[in-house]
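Text of the file my_file_12.txt, holding compact mmCIF, N, CA and C atoms and all ligand atoms:
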```
# COMPACT_ATOMS: atom_id res chain seq x y z
N MET A 269 5.68 1.78 22.88
CA MET A 269 5.21 2.53 21.72
C MET A 269 4.46 3.77 22.23
N ASN A 270 4.69 4.90 21.61
CA ASN A 270 4.02 6.14 22.01
C ASN A 270 2.65 6.26 21.34
N ASP A 271 1.83 7.13 21.88
CA ASP A 271 0.45 7.26 21.38
C ASP A 271 0.39 7.65 19.91
N ASP A 272 1.32 8.47 19.45
CA ASP A 272 1.26 8.93 18.06
C ASP A 272 2.00 8.02 17.09
N ASP A 273 2.59 6.96 17.58
CA ASP A 273 3.22 5.99 16.68
C ASP A 273 2.13 5.20 15.95
N HIS A 274 2.41 4.87 14.71
CA HIS A 274 1.43 4.15 13.91
C HIS A 274 1.46 2.66 14.22
N VAL A 275 0.28 2.12 14.46
CA VAL A 275 0.13 0.68 14.63
C VAL A 275 -0.19 0.05 13.28
N CYS A 276 -1.15 0.62 12.57
CA CYS A 276 -1.42 0.15 11.22
C CYS A 276 -0.58 1.00 10.26
N LEU A 277 0.47 0.40 9.79
CA LEU A 277 1.40 1.14 8.93
C LEU A 277 0.84 1.28 7.52
N CYS A 278 -0.04 0.39 7.11
CA CYS A 278 -0.64 0.52 5.78
C CYS A 278 -1.50 1.77 5.67
N PHE A 279 -2.27 2.05 6.73
CA PHE A 279 -3.22 3.15 6.68
C PHE A 279 -2.86 4.28 7.63
N HIS A 280 -1.66 4.22 8.20
CA HIS A 280 -1.15 5.30 9.06
C HIS A 280 -2.11 5.61 10.21
N VAL A 281 -2.52 4.57 10.92
CA VAL A 281 -3.43 4.74 12.05
C VAL A 281 -2.62 4.62 13.33
N SER A 282 -2.67 5.67 14.13
CA SER A 282 -1.85 5.72 15.34
C SER A 282 -2.45 4.88 16.48
N LYS A 283 -1.61 4.59 17.43
CA LYS A 283 -2.07 3.88 18.63
C LYS A 283 -3.14 4.71 19.33
N ARG A 284 -2.96 6.02 19.37
CA ARG A 284 -3.94 6.90 20.02
C ARG A 284 -5.33 6.76 19.37
N LYS A 285 -5.36 6.76 18.04
CA LYS A 285 -6.66 6.64 17.36
C LYS A 285 -7.32 5.31 17.66
N ILE A 286 -6.53 4.26 17.68
CA ILE A 286 -7.08 2.92 17.93
C ILE A 286 -7.59 2.80 19.36
N VAL A 287 -6.79 3.26 20.30
CA VAL A 287 -7.19 3.17 21.71
C VAL A 287 -8.42 4.04 21.97
N ASN A 288 -8.43 5.25 21.43
CA ASN A 288 -9.60 6.12 21.63
C ASN A 288 -10.84 5.52 20.98
N TYR A 289 -10.66 4.91 19.82
CA TYR A 289 -11.78 4.24 19.16
C TYR A 289 -12.33 3.13 20.06
N CYS A 290 -11.45 2.32 20.61
CA CYS A 290 -11.89 1.22 21.49
C CYS A 290 -12.60 1.75 22.73
N LYS A 291 -12.08 2.82 23.30
CA LYS A 291 -12.70 3.38 24.50
C LYS A 291 -14.06 4.01 24.17
N ARG A 292 -14.13 4.68 23.04
CA ARG A 292 -15.36 5.40 22.66
C ARG A 292 -16.45 4.46 22.15
N GLU A 293 -16.07 3.58 21.23
CA GLU A 293 -17.06 2.73 20.56
C GLU A 293 -17.26 1.38 21.24
N ARG A 294 -16.31 0.97 22.02
CA ARG A 294 -16.36 -0.33 22.71
C ARG A 294 -16.75 -1.46 21.75
N PRO A 295 -15.97 -1.66 20.70
CA PRO A 295 -16.32 -2.73 19.75
C PRO A 295 -16.25 -4.09 20.44
N PRO A 296 -17.29 -4.93 20.25
CA PRO A 296 -17.31 -6.23 20.93
C PRO A 296 -16.23 -7.19 20.43
N VAL A 297 -15.77 -7.01 19.20
CA VAL A 297 -14.69 -7.84 18.68
C VAL A 297 -13.64 -6.94 18.04
N ALA A 298 -12.40 -7.40 18.10
CA ALA A 298 -11.29 -6.58 17.61
C ALA A 298 -11.40 -6.30 16.10
N SER A 299 -12.03 -7.20 15.37
CA SER A 299 -12.11 -6.99 13.92
C SER A 299 -12.87 -5.72 13.56
N LEU A 300 -13.71 -5.24 14.45
CA LEU A 300 -14.46 -4.01 14.18
C LEU A 300 -13.56 -2.77 14.23
N ILE A 301 -12.34 -2.94 14.69
CA ILE A 301 -11.39 -1.82 14.67
C ILE A 301 -11.14 -1.39 13.23
N SER A 302 -11.45 -2.26 12.28
CA SER A 302 -11.30 -1.87 10.87
C SER A 302 -12.17 -0.67 10.52
N ASP A 303 -13.22 -0.43 11.31
CA ASP A 303 -14.05 0.76 11.10
C ASP A 303 -13.28 2.04 11.43
N CYS A 304 -12.16 1.90 12.11
CA CYS A 304 -11.33 3.05 12.48
C CYS A 304 -10.27 3.22 11.40
N LEU A 305 -10.62 3.96 10.38
CA LEU A 305 -9.69 4.32 9.30
C LEU A 305 -9.12 3.10 8.58
N SER A 306 -9.88 2.02 8.54
CA SER A 306 -9.51 0.78 7.83
C SER A 306 -8.33 0.05 8.45
N ALA A 307 -8.02 0.34 9.70
CA ALA A 307 -6.90 -0.33 10.36
C ALA A 307 -7.03 -1.84 10.25
N GLY A 308 -5.96 -2.49 9.86
CA GLY A 308 -5.91 -3.94 9.80
C GLY A 308 -6.38 -4.55 8.50
N THR A 309 -6.80 -3.74 7.54
CA THR A 309 -7.36 -4.30 6.31
C THR A 309 -6.38 -4.31 5.15
N GLY A 310 -5.12 -3.99 5.42
CA GLY A 310 -4.12 -4.00 4.35
C GLY A 310 -3.34 -5.31 4.36
N CYS A 311 -2.09 -5.24 4.74
CA CYS A 311 -1.21 -6.41 4.70
C CYS A 311 -1.50 -7.42 5.80
N GLY A 312 -2.20 -7.00 6.84
CA GLY A 312 -2.55 -7.90 7.94
C GLY A 312 -1.53 -7.94 9.07
N TRP A 313 -0.42 -7.29 8.89
CA TRP A 313 0.63 -7.29 9.91
C TRP A 313 0.12 -6.85 11.28
N CYS A 314 -0.65 -5.80 11.32
CA CYS A 314 -1.01 -5.19 12.60
C CYS A 314 -2.13 -5.93 13.33
N VAL A 315 -2.77 -6.90 12.72
CA VAL A 315 -3.95 -7.53 13.31
C VAL A 315 -3.70 -8.06 14.73
N PRO A 316 -2.63 -8.82 14.99
CA PRO A 316 -2.41 -9.29 16.37
C PRO A 316 -2.23 -8.13 17.35
N PHE A 317 -1.67 -7.04 16.87
CA PHE A 317 -1.44 -5.88 17.74
C PHE A 317 -2.74 -5.12 17.98
N LEU A 318 -3.60 -5.08 16.98
CA LEU A 318 -4.93 -4.50 17.17
C LEU A 318 -5.71 -5.33 18.19
N LYS A 319 -5.59 -6.65 18.08
CA LYS A 319 -6.26 -7.53 19.05
C LYS A 319 -5.74 -7.29 20.45
N SER A 320 -4.44 -7.10 20.57
CA SER A 320 -3.86 -6.85 21.88
C SER A 320 -4.36 -5.53 22.47
N LEU A 321 -4.38 -4.48 21.67
CA LEU A 321 -4.87 -3.18 22.15
C LEU A 321 -6.34 -3.29 22.53
N HIS A 322 -7.12 -4.00 21.72
CA HIS A 322 -8.54 -4.19 22.01
C HIS A 322 -8.72 -4.93 23.33
N LYS A 323 -7.96 -5.99 23.50
CA LYS A 323 -8.06 -6.80 24.72
C LYS A 323 -7.73 -5.97 25.95
N GLN A 324 -6.68 -5.16 25.85
CA GLN A 324 -6.30 -4.33 26.98
C GLN A 324 -7.37 -3.27 27.27
N ALA A 325 -7.88 -2.65 26.22
CA ALA A 325 -8.89 -1.60 26.39
C ALA A 325 -10.17 -2.17 27.00
N VAL A 326 -10.59 -3.34 26.50
CA VAL A 326 -11.80 -3.98 27.01
C VAL A 326 -11.63 -4.36 28.48
N ALA A 327 -10.40 -4.74 28.85
CA ALA A 327 -10.12 -5.12 30.24
C ALA A 327 -10.02 -3.90 31.16
N GLY A 328 -10.11 -2.71 30.58
CA GLY A 328 -10.09 -1.50 31.41
C GLY A 328 -8.72 -0.89 31.60
N ASP A 329 -7.74 -1.39 30.88
CA ASP A 329 -6.40 -0.80 30.97
C ASP A 329 -6.49 0.65 30.50
N THR A 330 -6.06 1.58 31.32
CA THR A 330 -6.17 3.00 30.96
C THR A 330 -5.11 3.45 29.98
N ASN A 331 -4.06 2.65 29.83
CA ASN A 331 -2.99 3.02 28.90
C ASN A 331 -2.50 1.79 28.14
N PRO A 332 -3.33 1.26 27.24
CA PRO A 332 -2.90 0.08 26.48
C PRO A 332 -1.60 0.35 25.73
N ASP A 333 -0.77 -0.66 25.67
CA ASP A 333 0.54 -0.46 25.05
C ASP A 333 0.93 -1.71 24.26
N LEU A 334 1.98 -1.56 23.46
CA LEU A 334 2.53 -2.67 22.69
C LEU A 334 3.99 -2.84 23.05
N PRO A 335 4.51 -4.07 22.96
CA PRO A 335 5.83 -4.38 23.49
C PRO A 335 7.02 -4.00 22.60
N LEU A 336 6.79 -3.33 21.49
CA LEU A 336 7.89 -3.04 20.57
C LEU A 336 8.10 -1.55 20.37
N SER A 337 9.34 -1.18 20.09
CA SER A 337 9.61 0.20 19.69
C SER A 337 9.08 0.37 18.26
N PRO A 338 8.79 1.60 17.85
CA PRO A 338 8.32 1.81 16.47
C PRO A 338 9.31 1.29 15.44
N ALA A 339 10.60 1.45 15.69
CA ALA A 339 11.61 0.98 14.73
C ALA A 339 11.59 -0.54 14.61
N GLU A 340 11.54 -1.22 15.75
CA GLU A 340 11.50 -2.68 15.74
C GLU A 340 10.19 -3.17 15.11
N TYR A 341 9.12 -2.48 15.41
CA TYR A 341 7.80 -2.84 14.85
C TYR A 341 7.84 -2.76 13.33
N ALA A 342 8.38 -1.67 12.80
CA ALA A 342 8.45 -1.49 11.34
C ALA A 342 9.39 -2.51 10.71
N LYS A 343 10.49 -2.79 11.41
CA LYS A 343 11.45 -3.77 10.89
C LYS A 343 10.80 -5.16 10.80
N ARG A 344 10.07 -5.53 11.83
CA ARG A 344 9.42 -6.85 11.83
C ARG A 344 8.31 -6.92 10.79
N ARG A 345 7.65 -5.79 10.55
CA ARG A 345 6.63 -5.78 9.48
C ARG A 345 7.29 -6.01 8.13
N THR A 346 8.44 -5.41 7.93
CA THR A 346 9.15 -5.62 6.66
C THR A 346 9.47 -7.09 6.48
N THR A 347 9.94 -7.72 7.55
CA THR A 347 10.24 -9.16 7.49
C THR A 347 8.96 -9.95 7.21
N PHE A 348 7.89 -9.58 7.88
CA PHE A 348 6.60 -10.26 7.67
C PHE A 348 6.16 -10.14 6.22
N ARG A 349 6.30 -8.97 5.66
CA ARG A 349 5.85 -8.77 4.28
C ARG A 349 6.74 -9.50 3.29
N THR A 350 8.01 -9.69 3.66
CA THR A 350 8.94 -10.38 2.78
C THR A 350 8.79 -11.90 2.88
N THR A 351 8.64 -12.39 4.12
CA THR A 351 8.65 -13.83 4.34
C THR A 351 7.28 -14.42 4.68
N GLY A 352 6.35 -13.58 5.12
CA GLY A 352 5.06 -14.07 5.56
C GLY A 352 5.09 -14.68 6.95
N ARG A 353 6.22 -14.53 7.64
CA ARG A 353 6.38 -15.13 8.97
C ARG A 353 6.46 -14.05 10.04
N ARG A 354 5.96 -14.41 11.22
CA ARG A 354 6.00 -13.52 12.36
C ARG A 354 7.02 -14.03 13.37
N GLU A 355 7.56 -13.12 14.13
CA GLU A 355 8.48 -13.52 15.20
C GLU A 355 7.67 -13.77 16.47
N ALA A 356 8.30 -14.42 17.45
CA ALA A 356 7.60 -14.88 18.65
C ALA A 356 6.89 -13.76 19.40
N VAL A 357 7.46 -12.58 19.45
CA VAL A 357 6.84 -11.50 20.22
C VAL A 357 5.48 -11.12 19.66
N ASP A 358 5.27 -11.39 18.37
CA ASP A 358 3.98 -11.07 17.77
C ASP A 358 2.88 -11.94 18.36
N SER A 359 3.20 -13.20 18.61
CA SER A 359 2.23 -14.08 19.25
C SER A 359 1.96 -13.61 20.67
N ALA A 360 3.01 -13.12 21.33
CA ALA A 360 2.84 -12.59 22.68
C ALA A 360 1.89 -11.41 22.66
N ALA A 361 1.99 -10.57 21.64
CA ALA A 361 1.08 -9.42 21.53
C ALA A 361 -0.34 -9.90 21.37
N GLU A 362 -0.53 -10.96 20.59
CA GLU A 362 -1.88 -11.47 20.36
C GLU A 362 -2.48 -12.01 21.64
N ASP A 363 -1.64 -12.56 22.50
CA ASP A 363 -2.13 -13.11 23.76
C ASP A 363 -2.39 -12.02 24.80
N GLY A 364 -2.06 -10.78 24.46
CA GLY A 364 -2.28 -9.69 25.39
C GLY A 364 -1.10 -9.44 26.30
N HIS A 365 -0.02 -10.20 26.11
CA HIS A 365 1.18 -9.96 26.89
C HIS A 365 1.93 -8.82 26.25
N THR A 366 2.14 -7.77 26.99
CA THR A 366 2.70 -6.59 26.37
C THR A 366 4.12 -6.28 26.83
N GLY A 367 4.73 -7.18 27.55
CA GLY A 367 6.11 -6.92 27.95
C GLY A 367 6.18 -5.86 29.02
N THR A 368 7.25 -5.11 29.02
CA THR A 368 7.45 -4.14 30.08
C THR A 368 6.71 -2.85 29.80
N LYS A 369 6.33 -2.22 30.87
CA LYS A 369 5.71 -0.90 30.82
C LYS A 369 6.42 -0.02 31.83
N ASN A 370 6.28 1.26 31.67
CA ASN A 370 6.82 2.15 32.67
C ASN A 370 6.03 1.94 33.96
N ALA A 371 6.74 1.88 35.05
CA ALA A 371 6.09 1.58 36.33
C ALA A 371 5.89 2.81 37.18
N ASP A 372 5.62 3.94 36.57
CA ASP A 372 5.41 5.13 37.39
C ASP A 372 3.96 5.41 37.51
S1 LIG B 1 0.03 -2.64 8.93
FE1 LIG B 1 -2.11 -2.69 9.29
S2 LIG B 1 -2.88 -3.75 7.57
FE2 LIG B 1 -0.77 -3.51 7.10
```
Show how you would write the structure in this file as structure tokens.
Ligand code: FES
Amino acid sequence: MNDDDHVCLCFHVSKRKIVNYCKRERPPVASLISDCLSAGTGCGWCVPFLKSLHKQAVAGDTNPDLPLSPAEYAKRRTTFRTTGRREAVDSAAEDGHTGTKNAD
């Protein structure tokens, strides 16, 4: 996911805003990310991903990332909103496992 891609689709909050918020404010718990433009307070879809970004930022990762493309992320959110169910990769995001990253 790129920095300008939205993580909270309800409130149009980009990954860049969330990561910068975590680096600047150092919230002790991920739920405080809601202070960043209300991220996570809508449908709830992005909450595991906010937790993952928070976990990575707190651990000192200089480039926190998420394991999905924006298109796949939006598609899975649609499924979540329709069925109320998450796919396995969402649990992986919550655990802080972010899949592949560029290795340069
Ligand atoms: S996508 Fe963040 S609350 Fe809905």
List all protein, DNA and RNA residues that have any atom at most 7 Å from ligand LIG 1 (chain B), counting only C-alpha atoms and all ligand atoms, and write the list as a PDB file with N, CA and C atoms, in the coordinates of the input.
```
ATOM      1  N   VAL A 275       0.280   2.120  14.460  1.00  0.00           N
ATOM      2  CA  VAL A 275       0.130   0.680  14.630  1.00  0.00           C
ATOM      3  C   VAL A 275      -0.190   0.050  13.280  1.00  0.00           C
ATOM      4  N   CYS A 276      -1.150   0.620  12.570  1.00  0.00           N
ATOM      5  CA  CYS A 276      -1.420   0.150  11.220  1.00  0.00           C
ATOM      6  C   CYS A 276      -0.580   1.000  10.260  1.00  0.00           C
ATOM      7  N   LEU A 277       0.470   0.400   9.790  1.00  0.00           N
ATOM      8  CA  LEU A 277       1.400   1.140   8.930  1.00  0.00           C
ATOM      9  C   LEU A 277       0.840   1.280   7.520  1.00  0.00           C
ATOM     10  N   CYS A 278      -0.040   0.390   7.110  1.00  0.00           N
ATOM     11  CA  CYS A 278      -0.640   0.520   5.780  1.00  0.00           C
ATOM     12  C   CYS A 278      -1.500   1.770   5.670  1.00  0.00           C
ATOM     13  N   PHE A 279      -2.270   2.050   6.730  1.00  0.00           N
ATOM     14  CA  PHE A 279      -3.220   3.150   6.680  1.00  0.00           C
ATOM     15  C   PHE A 279      -2.860   4.280   7.630  1.00  0.00           C
ATOM     16  N   ALA A 307      -8.020   0.340   9.700  1.00  0.00           N
ATOM     17  CA  ALA A 307      -6.900  -0.330  10.360  1.00  0.00           C
ATOM     18  C   ALA A 307      -7.030  -1.840  10.250  1.00  0.00           C
ATOM     19  N   GLY A 308      -5.960  -2.490   9.860  1.00  0.00           N
ATOM     20  CA  GLY A 308      -5.910  -3.940   9.800  1.00  0.00           C
ATOM     21  C   GLY A 308      -6.380  -4.550   8.500  1.00  0.00           C
ATOM     22  N   THR A 309      -6.800  -3.740   7.540  1.00  0.00           N
ATOM     23  CA  THR A 309      -7.360  -4.300   6.310  1.00  0.00           C
ATOM     24  C   THR A 309      -6.380  -4.310   5.150  1.00  0.00           C
ATOM     25  N   GLY A 310      -5.120  -3.990   5.420  1.00  0.00           N
ATOM     26  CA  GLY A 310      -4.120  -4.000   4.350  1.00  0.00           C
ATOM     27  C   GLY A 310      -3.340  -5.310   4.360  1.00  0.00           C
ATOM     28  N   CYS A 311      -2.090  -5.240   4.740  1.00  0.00           N
ATOM     29  CA  CYS A 311      -1.210  -6.410   4.700  1.00  0.00           C
ATOM     30  C   CYS A 311      -1.500  -7.420   5.800  1.00  0.00           C
ATOM     31  N   GLY A 312      -2.200  -7.000   6.840  1.00  0.00           N
ATOM     32  CA  GLY A 312      -2.550  -7.900   7.940  1.00  0.00           C
ATOM     33  C   GLY A 312      -1.530  -7.940   9.070  1.00  0.00           C
ATOM     34  N   TRP A 313      -0.420  -7.290   8.890  1.00  0.00           N
ATOM     35  CA  TRP A 313       0.630  -7.290   9.910  1.00  0.00           C
ATOM     36  C   TRP A 313       0.120  -6.850  11.280  1.00  0.00           C
ATOM     37  N   CYS A 314      -0.650  -5.800  11.320  1.00  0.00           N
ATOM     38  CA  CYS A 314      -1.010  -5.190  12.600  1.00  0.00           C
ATOM     39  C   CYS A 314      -2.130  -5.930  13.330  1.00  0.00           C
ATOM     40  N   VAL A 315      -2.770  -6.900  12.720  1.00  0.00           N
ATOM     41  CA  VAL A 315      -3.950  -7.530  13.310  1.00  0.00           C
ATOM     42  C   VAL A 315      -3.700  -8.060  14.730  1.00  0.00           C
TER      43      VAL A 315
END
```
Do a neighbour search on A:Asp303 at 12 Å with only C-alpha atoms, toss out local chain neighbours closer than 4 positions, and write the hits as an mmCIF file with N, CA and C atoms, in the frame of the given file.
```cif
data_model
loop_
_atom_site.group_PDB
_atom_site.id
_atom_site.type_symbol
_atom_site.label_atom_id
_atom_site.label_comp_id
_atom_site.auth_asym_id
_atom_site.auth_seq_id
_atom_site.Cartn_x
_atom_site.Cartn_y
_atom_site.Cartn_z
ATOM 1 N N PHE A 279 -2.270 2.050 6.730
ATOM 2 C CA PHE A 279 -3.220 3.150 6.680
ATOM 3 C C PHE A 279 -2.860 4.280 7.630
ATOM 4 N N VAL A 281 -2.520 4.570 10.920
ATOM 5 C CA VAL A 281 -3.430 4.740 12.050
ATOM 6 C C VAL A 281 -2.620 4.620 13.330
ATOM 7 N N LYS A 285 -5.360 6.760 18.040
ATOM 8 C CA LYS A 285 -6.660 6.640 17.360
ATOM 9 C C LYS A 285 -7.320 5.310 17.660
ATOM 10 N N ILE A 286 -6.530 4.260 17.680
ATOM 11 C CA ILE A 286 -7.080 2.920 17.930
ATOM 12 C C ILE A 286 -7.590 2.800 19.360
ATOM 13 N N TYR A 289 -10.660 4.910 19.820
ATOM 14 C CA TYR A 289 -11.780 4.240 19.160
ATOM 15 C C TYR A 289 -12.330 3.130 20.060
ATOM 16 N N CYS A 290 -11.450 2.320 20.610
ATOM 17 C CA CYS A 290 -11.890 1.220 21.490
ATOM 18 C C CYS A 290 -12.600 1.750 22.730
ATOM 19 N N GLU A 293 -16.070 3.580 21.230
ATOM 20 C CA GLU A 293 -17.060 2.730 20.560
ATOM 21 C C GLU A 293 -17.260 1.380 21.240
ATOM 22 N N ARG A 294 -16.310 0.970 22.020
ATOM 23 C CA ARG A 294 -16.360 -0.330 22.710
ATOM 24 C C ARG A 294 -16.750 -1.460 21.750
ATOM 25 N N PRO A 295 -15.970 -1.660 20.700
ATOM 26 C CA PRO A 295 -16.320 -2.730 19.750
ATOM 27 C C PRO A 295 -16.250 -4.090 20.440
ATOM 28 N N VAL A 297 -15.770 -7.010 19.200
ATOM 29 C CA VAL A 297 -14.690 -7.840 18.680
ATOM 30 C C VAL A 297 -13.640 -6.940 18.040
ATOM 31 N N ALA A 298 -12.400 -7.400 18.100
ATOM 32 C CA ALA A 298 -11.290 -6.580 17.610
ATOM 33 C C ALA A 298 -11.400 -6.300 16.100
ATOM 34 N N SER A 299 -12.030 -7.200 15.370
ATOM 35 C CA SER A 299 -12.110 -6.990 13.920
ATOM 36 C C SER A 299 -12.870 -5.720 13.560
ATOM 37 N N ALA A 307 -8.020 0.340 9.700
ATOM 38 C CA ALA A 307 -6.900 -0.330 10.360
ATOM 39 C C ALA A 307 -7.030 -1.840 10.250
ATOM 40 N N GLY A 308 -5.960 -2.490 9.860
ATOM 41 C CA GLY A 308 -5.910 -3.940 9.800
ATOM 42 C C GLY A 308 -6.380 -4.550 8.500
ATOM 43 N N THR A 309 -6.800 -3.740 7.540
ATOM 44 C CA THR A 309 -7.360 -4.300 6.310
ATOM 45 C C THR A 309 -6.380 -4.310 5.150
#
```
Residues of chain A in strand (DSSP E or B), written as a PDB file with N, CA and C atoms, in the frame of the given file:
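What ended up in states13.pdb:
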```pdb
ATOM      1  N   HIS A 274       2.410   4.870  14.710  1.00  0.00           N
ATOM      2  CA  HIS A 274       1.430   4.150  13.910  1.00  0.00           C
ATOM      3  C   HIS A 274       1.460   2.660  14.220  1.00  0.00           C
ATOM      4  N   VAL A 275       0.280   2.120  14.460  1.00  0.00           N
ATOM      5  CA  VAL A 275       0.130   0.680  14.630  1.00  0.00           C
ATOM      6  C   VAL A 275      -0.190   0.050  13.280  1.00  0.00           C
ATOM      7  N   CYS A 276      -1.150   0.620  12.570  1.00  0.00           N
ATOM      8  CA  CYS A 276      -1.420   0.150  11.220  1.00  0.00           C
ATOM      9  C   CYS A 276      -0.580   1.000  10.260  1.00  0.00           C
ATOM     10  N   VAL A 281      -2.520   4.570  10.920  1.00  0.00           N
ATOM     11  CA  VAL A 281      -3.430   4.740  12.050  1.00  0.00           C
ATOM     12  C   VAL A 281      -2.620   4.620  13.330  1.00  0.00           C
ATOM     13  N   SER A 282      -2.670   5.670  14.130  1.00  0.00           N
ATOM     14  CA  SER A 282      -1.850   5.720  15.340  1.00  0.00           C
ATOM     15  C   SER A 282      -2.450   4.880  16.480  1.00  0.00           C
TER      16      SER A 282
END
```
**Report entry** Pick from A:Val326, A:Leu318, A:Val287, A:Leu300, whichever lies nearest to A:Asp271 using only C-alpha atoms
**Finding:**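 Looking only at the distances to A:Asp271, the closest residue turns out to be A:Val287.
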Report task. Can you pull out every residue within 8 Å of stretch 327-332 of chain A, counting all atoms listed in the file, but drop anything in the same chain fewer than 5 positions away, and send it as a ChimeraX atom specification? Result -> /A:269,283,287,320-322
Query raised in the report: Which value, in Å to one decimal, gives the distance between atom CA of A:Pro335 and atom C of A:Lys323?
Result: 13.9 Å
**Report entry** Distance in Å - atom C of A:Arg354 versus atom N of A:Pro296
**Finding:**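 Between atom C of A:Arg354 and atom N of A:Pro296 the gap works out to 26.9 Å.
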Report task. Going by DSSP on the backbone, which bits of chain A are helix (DSSP H, G or I)? Write them as an MDAnalysis selection string, please. Result -> chainID A and resid 283:293 298:303 315:326 338:351 356:362
Query raised in the report: Distance atom N of A:Ala342-atom C of A:Arg292, one decimal place?
Result: 27.2 Å
Would you give the centre and edge lengths, in Å to one decimal, of a box along x, y and z around the listed atoms of stretch 294-310 of chain A, with 6 Å added to each side, as JSON?
```
{"center_x": -10.3, "center_y": -1.8, "center_z": 13.5, "size_x": 26.0, "size_y": 24.2, "size_z": 30.4}
```
